[in-house]
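The next block is input.txt, given as compact mmCIF, C-alpha atoms.
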# COMPACT_ATOMS: atom_id res chain seq x y z
CA MET A 26 40.34 -7.91 27.04
CA ASN A 27 38.21 -9.43 24.38
CA ARG A 28 35.03 -10.86 25.81
CA ILE A 29 32.41 -12.21 23.49
CA ARG A 30 29.28 -13.66 24.98
CA VAL A 31 26.39 -15.07 23.04
CA ALA A 32 23.22 -15.57 25.04
CA THR A 33 19.65 -16.55 24.38
CA PHE A 34 17.77 -13.41 23.58
CA LEU A 35 15.47 -12.15 26.31
CA PHE A 36 11.89 -12.98 25.46
CA GLY A 37 10.54 -9.62 26.47
CA ALA A 38 13.08 -7.76 24.38
CA LEU A 39 11.56 -9.29 21.24
CA PHE A 40 8.55 -7.06 21.73
CA VAL A 41 10.66 -3.99 22.37
CA VAL A 42 13.32 -4.22 19.71
CA VAL A 43 11.94 -6.12 16.73
CA PRO A 44 8.99 -3.82 15.89
CA LEU A 45 11.31 -0.84 15.85
CA LEU A 46 13.50 -2.50 13.24
CA VAL A 47 10.64 -2.70 10.79
CA GLU A 48 10.31 -0.07 8.05
CA ALA A 49 13.71 1.54 8.48
CA HIS A 50 15.48 1.74 5.11
CA HIS A 51 16.46 -1.90 5.12
CA SER A 52 14.88 -4.72 7.02
CA GLY A 53 16.61 -6.36 9.98
CA VAL A 54 16.76 -9.85 8.44
CA MET A 55 20.56 -9.73 8.28
CA PHE A 56 20.69 -9.84 12.08
CA ASP A 57 19.93 -12.80 14.32
CA SER A 58 17.29 -11.47 16.70
CA THR A 59 17.47 -14.66 18.78
CA LYS A 60 21.05 -14.01 19.88
CA GLU A 61 22.93 -11.34 21.70
CA ILE A 62 26.59 -10.52 21.52
CA THR A 63 28.53 -8.35 23.96
CA VAL A 64 31.99 -6.97 23.30
CA GLU A 65 34.31 -4.61 25.13
CA GLY A 66 36.49 -2.19 23.27
CA THR A 67 37.22 1.41 22.43
CA VAL A 68 35.31 3.67 20.09
CA LYS A 69 36.94 4.08 16.70
CA GLU A 70 34.24 6.28 15.19
CA PHE A 71 30.63 7.24 15.73
CA GLN A 72 29.05 7.56 12.28
CA TYR A 73 26.03 9.71 13.07
CA THR A 74 24.27 9.21 9.73
CA ASN A 75 20.93 8.59 8.04
CA PRO A 76 19.09 6.36 7.72
CA HIS A 77 21.20 4.35 10.17
CA SER A 78 24.06 5.29 12.43
CA TRP A 79 27.03 3.06 13.18
CA LEU A 80 29.14 2.97 16.33
CA LEU A 81 32.48 1.45 15.36
CA VAL A 82 34.30 -0.24 18.23
CA ASP A 83 37.84 -1.65 18.12
CA VAL A 84 37.96 -4.94 20.00
CA THR A 85 41.27 -6.62 20.88
CA ASN A 86 41.16 -10.35 20.29
CA LYS A 87 42.90 -13.01 22.41
CA ASP A 88 45.77 -13.23 19.92
CA GLY A 89 46.35 -9.48 20.15
CA SER A 90 44.83 -8.64 16.80
CA VAL A 91 42.13 -5.97 16.61
CA THR A 92 38.72 -6.37 14.98
CA THR A 93 36.53 -3.37 14.28
CA TRP A 94 32.92 -4.13 15.13
CA GLY A 95 30.05 -2.04 13.80
CA PHE A 96 26.89 -1.56 15.84
CA GLU A 97 23.92 -0.22 13.90
CA ALA A 98 21.31 2.14 15.29
CA GLU A 99 18.68 4.45 13.82
CA GLY A 100 19.42 7.85 12.35
CA PRO A 101 20.37 11.11 14.08
CA THR A 102 16.91 12.38 14.97
CA THR A 103 15.93 9.09 16.58
CA LEU A 104 19.19 9.01 18.53
CA MET A 105 18.71 12.63 19.54
CA GLN A 106 15.31 11.73 20.97
CA ARG A 107 16.99 8.91 22.93
CA ARG A 108 19.51 11.44 24.27
CA ILE A 109 22.41 9.87 22.38
CA ARG A 110 24.58 12.58 20.87
CA PRO A 111 27.74 12.49 18.73
CA SER A 112 29.74 13.85 21.66
CA ASP A 113 28.76 10.89 23.87
CA PHE A 114 31.19 8.57 22.09
CA PRO A 115 34.41 10.36 21.12
CA PHE A 116 37.38 8.41 19.74
CA GLY A 117 38.95 6.18 22.38
CA THR A 118 35.91 5.94 24.68
CA LYS A 119 35.89 2.61 26.49
CA VAL A 120 32.59 0.86 26.00
CA THR A 121 30.83 -2.43 26.62
CA ILE A 122 28.24 -2.88 23.90
CA THR A 123 25.50 -5.43 23.29
CA GLY A 124 23.57 -6.21 20.12
CA ASN A 125 22.00 -8.83 17.86
CA PRO A 126 24.84 -10.21 15.71
CA MET A 127 24.80 -10.66 11.97
CA LYS A 128 23.78 -14.09 10.78
CA ASP A 129 26.74 -14.41 8.40
CA GLY A 130 29.36 -13.96 11.10
CA ARG A 131 30.69 -10.59 10.04
CA PRO A 132 31.57 -8.25 12.91
CA GLY A 133 28.35 -6.28 12.79
CA ALA A 134 25.30 -6.14 15.04
CA THR A 135 22.31 -4.07 15.92
CA TRP A 136 23.05 -1.81 18.84
CA ILE A 137 20.82 -2.61 21.82
CA LYS A 138 22.80 -1.23 24.74
CA ALA A 139 26.16 0.45 25.26
CA VAL A 140 27.70 1.16 28.65
CA ARG A 141 30.64 3.54 28.96
CA ALA A 142 33.39 3.11 31.53
CA ASP A 143 31.69 5.80 33.65
CA GLY A 144 28.65 3.54 33.94
CA LYS A 145 26.29 5.57 31.75
CA ALA A 146 24.12 3.33 29.57
CA PHE A 147 22.70 4.21 26.13
CA TYR A 148 19.73 2.43 24.55
CA PRO A 149 19.14 3.61 20.96
CA ARG A 150 16.03 1.45 20.58
CA GLY A 151 14.61 2.26 23.98
CA GLN A 152 15.31 0.66 27.30
CA ALA A 153 14.18 -2.93 27.70
CA PRO A 154 11.73 -3.60 30.53
CA GLN A 155 13.14 -4.87 33.80
CA GLN A 156 13.12 -8.66 33.89
CA MET B 63 -3.60 -0.89 59.79
CA THR B 64 -2.79 1.95 57.38
CA ARG B 65 -2.28 -0.59 54.61
CA ILE B 66 -5.73 -2.06 55.29
CA LYS B 67 -7.30 1.41 55.07
CA LYS B 68 -5.55 2.15 51.77
CA LEU B 69 -6.58 -1.13 50.14
CA PRO B 70 -10.23 -0.20 49.33
CA ALA B 71 -9.08 3.09 47.83
CA LEU B 72 -6.53 1.30 45.66
CA LEU B 73 -9.11 -1.25 44.54
CA LEU B 74 -11.51 1.58 43.68
CA ILE B 75 -8.85 3.32 41.59
CA VAL B 76 -8.01 0.10 39.74
CA ALA B 77 -11.68 -0.70 39.12
CA THR B 78 -12.42 2.84 37.91
CA SER B 79 -9.40 2.81 35.61
CA THR B 80 -10.46 -0.54 34.17
CA ILE B 81 -13.99 0.68 33.51
CA VAL B 82 -12.78 3.93 31.91
CA ALA B 83 -10.32 2.01 29.70
CA ALA B 84 -13.06 -0.38 28.61
CA GLN B 85 -15.42 2.51 27.82
CA THR B 86 -12.72 4.29 25.83
CA ARG B 87 -11.99 1.12 23.89
CA THR B 88 -15.67 0.61 23.14
CA GLN B 89 -16.06 4.21 21.97
CA ALA B 90 -13.03 3.86 19.71
CA GLN B 91 -14.41 0.64 18.24
CA THR B 92 -17.81 2.22 17.65
CA GLU B 93 -16.23 5.21 15.95
CA TRP B 94 -14.01 3.00 13.81
CA GLN B 95 -16.99 0.93 12.67
CA ARG B 96 -18.97 4.10 11.88
CA MET B 97 -16.14 5.42 9.72
CA PHE B 98 -15.62 2.06 8.03
CA ASP B 99 -19.36 1.79 7.26
CA MET B 100 -19.37 5.34 5.88
CA GLY B 101 -16.73 4.30 3.35
CA LEU B 102 -18.90 1.41 2.19
CA LYS B 103 -21.72 3.78 1.28
CA TYR B 104 -19.75 5.29 -1.57
CA GLY B 105 -18.51 3.60 -4.70
CA THR B 106 -15.47 5.79 -5.14
CA ALA B 107 -13.22 7.98 -3.03
CA LEU B 108 -14.32 11.00 -5.02
CA GLU B 109 -17.96 10.31 -4.14
CA LEU B 110 -17.05 10.13 -0.44
CA TYR B 111 -15.01 13.34 -0.72
CA THR B 112 -17.85 15.11 -2.50
CA ALA B 113 -20.31 13.99 0.18
CA LEU B 114 -18.03 15.24 2.96
CA LYS B 115 -17.69 18.55 1.16
CA SER B 116 -21.44 18.83 0.81
CA THR B 117 -21.93 18.09 4.51
CA ALA B 118 -19.40 20.84 5.27
CA HIS B 119 -21.42 23.22 3.04
CA GLY B 120 -18.57 23.35 0.56
CA GLY B 121 -15.90 23.67 3.20
CA LEU B 122 -13.39 26.48 3.47
CA GLN B 123 -10.88 27.25 0.72
CA SER B 124 -7.93 29.50 1.55
CA PRO B 125 -9.21 30.41 5.01
CA PRO B 126 -7.35 33.16 6.87
CA PHE B 127 -4.46 32.08 9.11
CA ALA B 128 -6.53 32.89 12.19
CA ARG B 129 -8.95 30.12 11.35
CA LEU B 130 -6.30 27.47 10.83
CA PRO B 131 -5.15 25.03 13.53
CA ASP B 132 -1.69 25.05 15.07
CA TRP B 133 0.09 21.90 13.90
CA SER B 134 3.58 23.24 14.56
CA GLY B 135 6.31 21.14 16.11
CA LEU B 136 7.83 17.78 15.22
CA TRP B 137 5.68 14.67 15.06
CA THR B 138 6.18 10.96 14.76
CA ALA B 139 3.90 8.08 13.81
CA SER B 140 2.46 6.49 16.92
CA GLY B 141 0.36 3.68 15.57
CA GLY B 142 -3.16 3.00 14.49
CA GLY B 143 -4.48 0.74 11.78
CA SER B 144 -2.71 -1.06 9.02
CA PHE B 145 -3.41 -1.74 5.34
CA PHE B 146 -3.91 -5.47 5.74
CA GLY B 147 -4.49 -6.19 9.43
CA LEU B 148 -7.73 -6.52 11.35
CA GLY B 149 -9.63 -3.41 12.33
CA PRO B 150 -10.41 -2.86 16.02
CA THR B 151 -13.87 -4.42 15.65
CA GLY B 152 -12.45 -7.57 14.09
CA VAL B 153 -13.26 -6.58 10.52
CA SER B 154 -10.58 -7.56 8.03
CA PRO B 155 -9.96 -5.95 4.65
CA LYS B 156 -11.57 -7.82 1.76
CA LEU B 157 -8.79 -8.35 -0.73
CA THR B 158 -8.95 -9.28 -4.38
CA PRO B 159 -7.75 -12.85 -5.04
CA ALA B 160 -4.47 -11.54 -6.47
CA ALA B 161 -3.84 -9.30 -3.46
CA ALA B 162 -4.74 -12.10 -1.03
CA ALA B 163 -2.31 -14.43 -2.78
CA ALA B 164 0.42 -11.78 -2.64
CA LEU B 165 -0.24 -11.18 1.04
CA ASN B 166 -0.03 -14.90 1.82
CA LYS B 167 3.19 -15.18 -0.16
CA GLY B 168 4.58 -12.25 1.81
CA LYS B 169 3.67 -13.88 5.11
CA GLU B 170 5.43 -17.03 4.00
CA LEU B 171 8.56 -15.06 3.15
CA ASP B 172 8.39 -13.24 6.50
CA ALA B 173 8.15 -16.56 8.30
CA ASN B 174 11.31 -17.68 6.52
CA GLY B 175 13.18 -14.49 7.35
CA ILE B 176 13.21 -13.32 3.73
CA SER B 177 12.58 -9.65 3.16
CA TYR B 178 13.67 -6.96 0.74
CA ASP B 179 12.42 -3.43 0.24
CA GLU B 180 12.05 -2.60 -3.45
CA ASN B 181 11.60 1.07 -2.58
CA LEU B 182 13.60 2.22 0.43
CA SER B 183 16.52 -0.21 0.04
CA GLU B 184 17.12 1.27 -3.39
CA CYS B 185 16.90 4.84 -2.14
CA GLY B 186 13.41 5.26 -3.55
CA PRO B 187 10.57 7.05 -1.79
CA PRO B 188 8.05 5.17 0.34
CA GLY B 189 5.22 6.74 -1.66
CA PHE B 190 1.62 7.13 -0.57
CA PRO B 191 -0.19 5.63 1.30
CA ARG B 192 2.87 3.87 2.79
CA TRP B 193 3.90 7.39 3.81
CA LEU B 194 1.27 7.12 6.55
CA VAL B 195 3.09 4.29 8.37
CA ILE B 196 6.79 5.02 7.91
CA PRO B 197 8.82 6.02 10.99
CA PHE B 198 11.08 9.04 11.57
CA LEU B 199 10.01 12.66 11.97
CA ARG B 200 7.16 14.65 10.43
CA GLU B 201 6.45 18.34 10.09
CA PHE B 202 3.07 19.76 9.10
CA ILE B 203 3.12 23.21 7.54
CA VAL B 204 -0.35 24.73 7.44
CA ARG B 205 -1.03 27.69 5.16
CA PRO B 206 -4.31 29.03 3.79
CA GLU B 207 -3.73 27.98 0.19
CA GLN B 208 -1.94 24.68 0.85
CA THR B 209 -0.73 22.39 3.61
CA TRP B 210 2.55 20.52 3.46
CA LEU B 211 2.62 17.13 5.13
CA SER B 212 6.33 16.37 5.23
CA SER B 213 8.34 13.41 6.39
CA GLU B 214 12.03 13.16 7.17
CA THR B 215 12.37 9.94 5.17
CA VAL B 216 13.82 10.87 1.78
CA ASN B 217 12.74 14.46 2.47
CA ASN B 218 9.28 13.91 1.05
CA VAL B 219 6.48 16.46 1.02
CA ARG B 220 2.81 15.90 0.29
CA ARG B 221 1.26 19.14 -0.92
CA ILE B 222 -2.43 19.46 -0.17
CA TYR B 223 -3.95 22.27 -2.22
CA THR B 224 -6.73 24.08 -0.37
CA ASP B 225 -7.06 27.08 -2.68
CA GLY B 226 -10.03 25.67 -4.54
CA ARG B 227 -8.19 24.14 -7.47
CA ASN B 228 -9.27 20.78 -8.83
CA HIS B 229 -7.18 17.80 -9.90
CA PRO B 230 -5.65 17.97 -13.38
CA PRO B 231 -8.02 16.91 -16.16
CA VAL B 232 -8.28 13.15 -16.64
CA GLU B 233 -6.42 13.19 -19.94
CA ASP B 234 -3.43 14.93 -18.31
CA ARG B 235 -3.03 12.71 -15.26
CA PHE B 236 0.04 10.55 -14.77
CA PRO B 237 1.24 8.35 -11.88
CA LEU B 238 2.97 10.07 -8.99
CA TYR B 239 4.71 8.66 -5.90
CA TYR B 240 2.54 10.75 -3.58
CA GLY B 241 -0.32 11.39 -5.97
CA ASP B 242 -2.15 14.67 -6.45
CA SER B 243 -4.00 15.95 -3.40
CA ILE B 244 -6.69 18.60 -3.10
CA GLY B 245 -8.59 19.48 0.04
CA PHE B 246 -10.78 21.82 2.03
CA TRP B 247 -11.11 22.85 5.65
CA ASP B 248 -14.11 21.77 7.66
CA ASP B 249 -13.55 23.99 10.69
CA GLN B 250 -10.36 22.52 12.21
CA LYS B 251 -10.40 19.37 10.04
CA LEU B 252 -8.46 19.07 6.80
CA VAL B 253 -10.29 16.85 4.30
CA ILE B 254 -8.15 15.48 1.44
CA HIS B 255 -8.75 13.63 -1.79
CA THR B 256 -5.77 12.00 -3.49
CA ASN B 257 -5.50 10.38 -6.92
CA GLN B 258 -2.78 9.86 -9.58
CA LEU B 259 -1.05 7.30 -7.40
CA MET B 260 1.57 4.93 -8.73
CA LYS B 261 1.49 1.15 -8.95
CA ARG B 262 4.07 -0.06 -6.45
CA SER B 263 4.70 -2.06 -3.29
CA MET B 264 2.72 -1.10 -0.18
CA GLY B 265 5.60 -2.27 2.02
CA ARG B 266 7.98 -5.14 2.55
CA ASN B 267 6.36 -8.45 1.59
CA GLU B 268 3.04 -6.71 1.06
CA PRO B 269 0.85 -6.59 -2.07
CA GLU B 270 1.12 -3.86 -4.67
CA GLN B 271 -1.27 -0.96 -4.87
CA SER B 272 -2.54 -0.07 -8.33
CA ASP B 273 -2.66 3.19 -10.23
CA GLN B 274 -6.44 3.09 -9.73
CA MET B 275 -6.03 3.77 -6.01
CA GLU B 276 -7.69 6.89 -4.62
CA THR B 277 -7.96 7.95 -1.00
CA VAL B 278 -9.85 10.28 1.30
CA GLU B 279 -8.34 11.55 4.55
CA ILE B 280 -9.60 13.67 7.42
CA TRP B 281 -6.77 15.17 9.50
CA GLU B 282 -7.48 16.72 12.88
CA LYS B 283 -5.58 17.65 16.03
CA THR B 284 -7.42 15.70 18.70
CA ASP B 285 -5.41 16.92 21.68
CA ALA B 286 -2.35 19.05 22.34
CA ARG B 287 0.04 16.23 21.41
CA THR B 288 -1.97 14.13 18.96
CA ILE B 289 -2.92 14.56 15.33
CA GLU B 290 -5.18 11.88 13.91
CA ALA B 291 -5.73 10.92 10.29
CA LYS B 292 -8.84 9.02 9.24
CA VAL B 293 -8.08 7.29 5.96
CA TRP B 294 -10.31 5.56 3.41
CA ILE B 295 -8.57 3.64 0.62
CA TYR B 296 -10.34 2.70 -2.61
CA ASP B 297 -8.42 0.45 -5.00
CA PRO B 298 -10.43 -2.08 -7.01
CA ALA B 299 -7.25 -3.98 -7.89
CA LEU B 300 -6.39 -4.38 -4.22
CA TYR B 301 -9.59 -4.24 -2.14
CA LEU B 302 -13.02 -5.64 -2.99
CA GLU B 303 -14.51 -2.91 -0.81
CA PRO B 304 -12.97 0.29 0.57
CA TRP B 305 -10.71 -0.14 3.56
CA TYR B 306 -10.51 2.25 6.48
CA LEU B 307 -7.75 2.92 9.00
CA THR B 308 -6.92 5.53 11.60
CA ARG B 309 -3.34 6.70 12.04
CA ARG B 310 -2.05 8.80 14.91
CA TYR B 311 0.96 11.12 15.11
CA THR B 312 2.39 12.23 18.43
CA GLN B 313 4.27 15.45 19.01
CA VAL B 314 7.92 14.85 19.85
CA ALA B 315 9.03 16.20 23.23
CA ASN B 316 11.58 18.80 22.22
CA THR B 317 11.63 21.48 24.88
CA ASP B 318 15.33 22.21 24.38
CA LYS B 319 14.78 22.25 20.59
CA SER B 320 17.72 19.90 20.05
CA VAL B 321 15.78 17.65 17.66
CA ARG B 322 15.66 19.07 14.14
CA MET B 323 14.67 17.74 10.73
CA ASN B 324 17.69 17.60 8.46
CA TYR B 325 18.40 16.56 4.89
CA TRP B 326 18.04 12.78 4.64
CA HIS B 327 19.97 10.80 2.03
CA CYS B 328 19.89 7.03 2.19
CA GLY B 329 23.26 6.73 0.48
CA GLU B 330 25.03 8.94 2.99
CA ASN B 331 26.87 6.08 4.69
CA PRO B 332 28.17 3.16 2.57
CA ASN B 333 27.84 0.88 5.58
CA ASN B 334 24.07 1.04 5.03
CA ASP B 335 24.24 -0.17 1.41
CA VAL B 336 22.32 -3.38 0.87
CA TYR B 337 21.57 -5.65 -2.08
CA LYS B 338 18.93 -8.22 -2.94
CA THR B 339 20.20 -11.76 -2.46
CA PRO B 340 19.39 -14.57 -4.92
CA ASP B 341 16.71 -15.87 -2.55
CA GLY B 342 15.05 -12.44 -2.46
CA SER B 343 16.28 -11.25 0.90
CA THR B 344 18.44 -8.36 2.06
CA GLN B 345 22.16 -8.33 2.76
CA PHE B 346 24.71 -5.66 3.50
CA ARG B 347 27.46 -5.02 1.01
CA GLU B 348 31.06 -4.99 2.25
CA PHE B 349 31.44 -2.86 5.35
CA THR B 350 34.02 -0.10 5.22
CA PHE B 351 35.12 -1.02 8.74
CA SER B 352 35.85 -4.67 7.92
CA PRO B 353 36.98 -4.79 4.29
CA LYS B 354 38.65 -8.16 4.59
CA ASP B 355 35.81 -10.03 6.19
CA LYS B 356 34.26 -12.76 4.10
CA ARG B 357 30.59 -12.82 3.24

For this file, write the structure as structure tokens.
Amino acid sequence: MNRIRVATFLFGALFVVVPLLVEAHHSGVMFDSTKEITVEGTVKEFQYTNPHSWLLVDVTNKDGSVTTWGFEAEGPTTLMQRRIRPSDFPFGTKVTITGNPMKDGRPGATWIKAVRADGKAFYPRGQAPQQ
Amino acid sequence: MTRIKKLPALLLIVATSTIVAAQTRTQAQTEWQRMFDMGLKYGTALELYTALKSTAHGGLQSPPFARLPDWSGLWTASGGGSFFGLGPTGVSPKLTPAAAAALNKGKELDANGISYDENLSECGPPGFPRWLVIPFLREFIVRPEQTWLSSETVNNVRRIYTDGRNHPPVEDRFPLYYGDSIGFWDDQKLVIHTNQLMKRSMGRNEPEQSDQMETVEIWEKTDARTIEAKVWIYDPALYLEPWYLTRRYTQVANTDKSVRMNYWHCGENPNNDVYKTPDGSTQFREFTFSPKDKR
């Protein structure tokens, strides 16, 4: 099921996520840090690359078509420090993933949080404080 | 009843912690101001370096391994001062009119969400002194005759020669991304002088440094997990008086040794390719995972 939810970005998360986007190959101005998007889908590929990694997720739309979304995170050594490994997201893994969407509407976003079907959550930019 | 008995103890702990934190902050501010003022005493970075060397009685060149500190492990930048922000005592860098105008222009662009990185977005190196503030991993290789200060980003290495050599003669100097660095050991402190730096951006929406920039650094391991760099920057085209900042690097927890520095190429994944938009900002090129999506 395709579920897309845009919500007002949590105030506290601004202080957690935005500073970490600075100074990392490209700036984060392509993403809308005031919005969040959450999609459910299955992992197509985990591109564990420098300077940014991409988790590609196939999302089935209401009309049955499939859109591949890309969720951007930092590079391998940063992910490794966050205990996110290539083997955590093999092809076909069911995942619910949240990020800041691109301003131009393309199916891309920064990766804030991903939760697998087994309930394990992954925060590549660090876990947001409890609200 | 038990809660009532515990309350005074808790209050005492909170009060003590607050006092200790305030004292630590005051000490840090005092030390920062002392270092900043020391920079003002000298007209050039080389004069400051020479004075530090004199105070260290010439310092140590090519000391035996046994006298060198252990800086092994992986490290990551953990904050400290900036090139253009306020110091901890409220002192701000005095910029030349051109640099101040560039900084204000950059702030205006930031406020409008416009940003592009002339260096990193085009697979170029961050250069020095921006090297001090970039993220990702670091490794510090300490040898008697030279120390390598390396960073994962674009696989850069700063070589600090501590074998007694001098900089190249003036007539043979040319601009370098990381400059030319010589140094000496003052006990466990590595003192560095850098020149031959290149005119280029200090960071996104920040003023340019000039090829007249020279710096002095003092690197020291201040506790088991912290290495601190005291940095003085002299650049008459950028600052009206030398600026000082302290940067800290924290050792990465890596007990299982799973985190390793690897080759780093910014063009590895085409999904990271960006271009400069007509308004001067940054945009991704076409993603490989959504080739038919419109921009």

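Minimum atom-to-atom distances from B:Gln208, B:Thr256, B:Ser183, B:Thr284 to chain A were compared using all atoms listed in the file, and the lowest value belongs to B:Ser183.
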
If we count all atoms listed in the file, which residues of chain A reach to within 6 Å of chain B? Please list them as a compact mmCIF listing (two decimals) with C-alpha atoms, keeping the file's coordinate frame.
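result_0.txt was written with the following content:
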# COMPACT_ATOMS: atom_id res chain seq x y z
CA HIS A 50 15.48 1.74 5.11
CA HIS A 51 16.46 -1.90 5.12
CA VAL A 54 16.76 -9.85 8.44
CA MET A 55 20.56 -9.73 8.28
CA PRO A 76 19.09 6.36 7.72

Near-Gly124 of chain A list (10 Å; only C-alpha atoms; drop same-chain fewer than 6 positions) as a list in words | Val31, Phe34, Phe56, Asp57, Ser58, Lys60, Glu61, Ile62, Thr63, Val64, Gly95, Phe96, Glu97, Ala98, Gly133, Ala134, Thr135, Trp136, Ile137, Lys138 and Ala139 of chain A

Point out the residue among A:Ser52, A:Thr102, A:Thr59, A:Thr92 with the least atom-to-atom distance to Tyr73 of chain A, counting only C-alpha atoms.
->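 Between A:Ser52, A:Thr102, A:Thr59, A:Thr92, the residue approaching Tyr73 of chain A most closely is A:Thr102.
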
By how many Å are atom CA of Tyr111 of chain B and atom CA of Thr277 of chain B apart?
->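 So the two atoms, atom CA of Tyr111 of chain B and atom CA of Thr277 of chain B, lie 8.9 Å apart.
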
Could you work out how far atom CA of Pro269 of chain B lies from atom CA of Ala162 of chain B, giving the answer in Å with one decimal?
->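 That distance, rounded to one decimal, is 7.9 Å.
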
Quick one: everything within 10 Å of Gly149 of chain B, counting only C-alpha atoms, minus sequence neighbours fewer than 2 positions away in the same chain. Send it as a ChimeraX atom specification.
-> /B:91,94-95,98,142-147,151-155,305-308
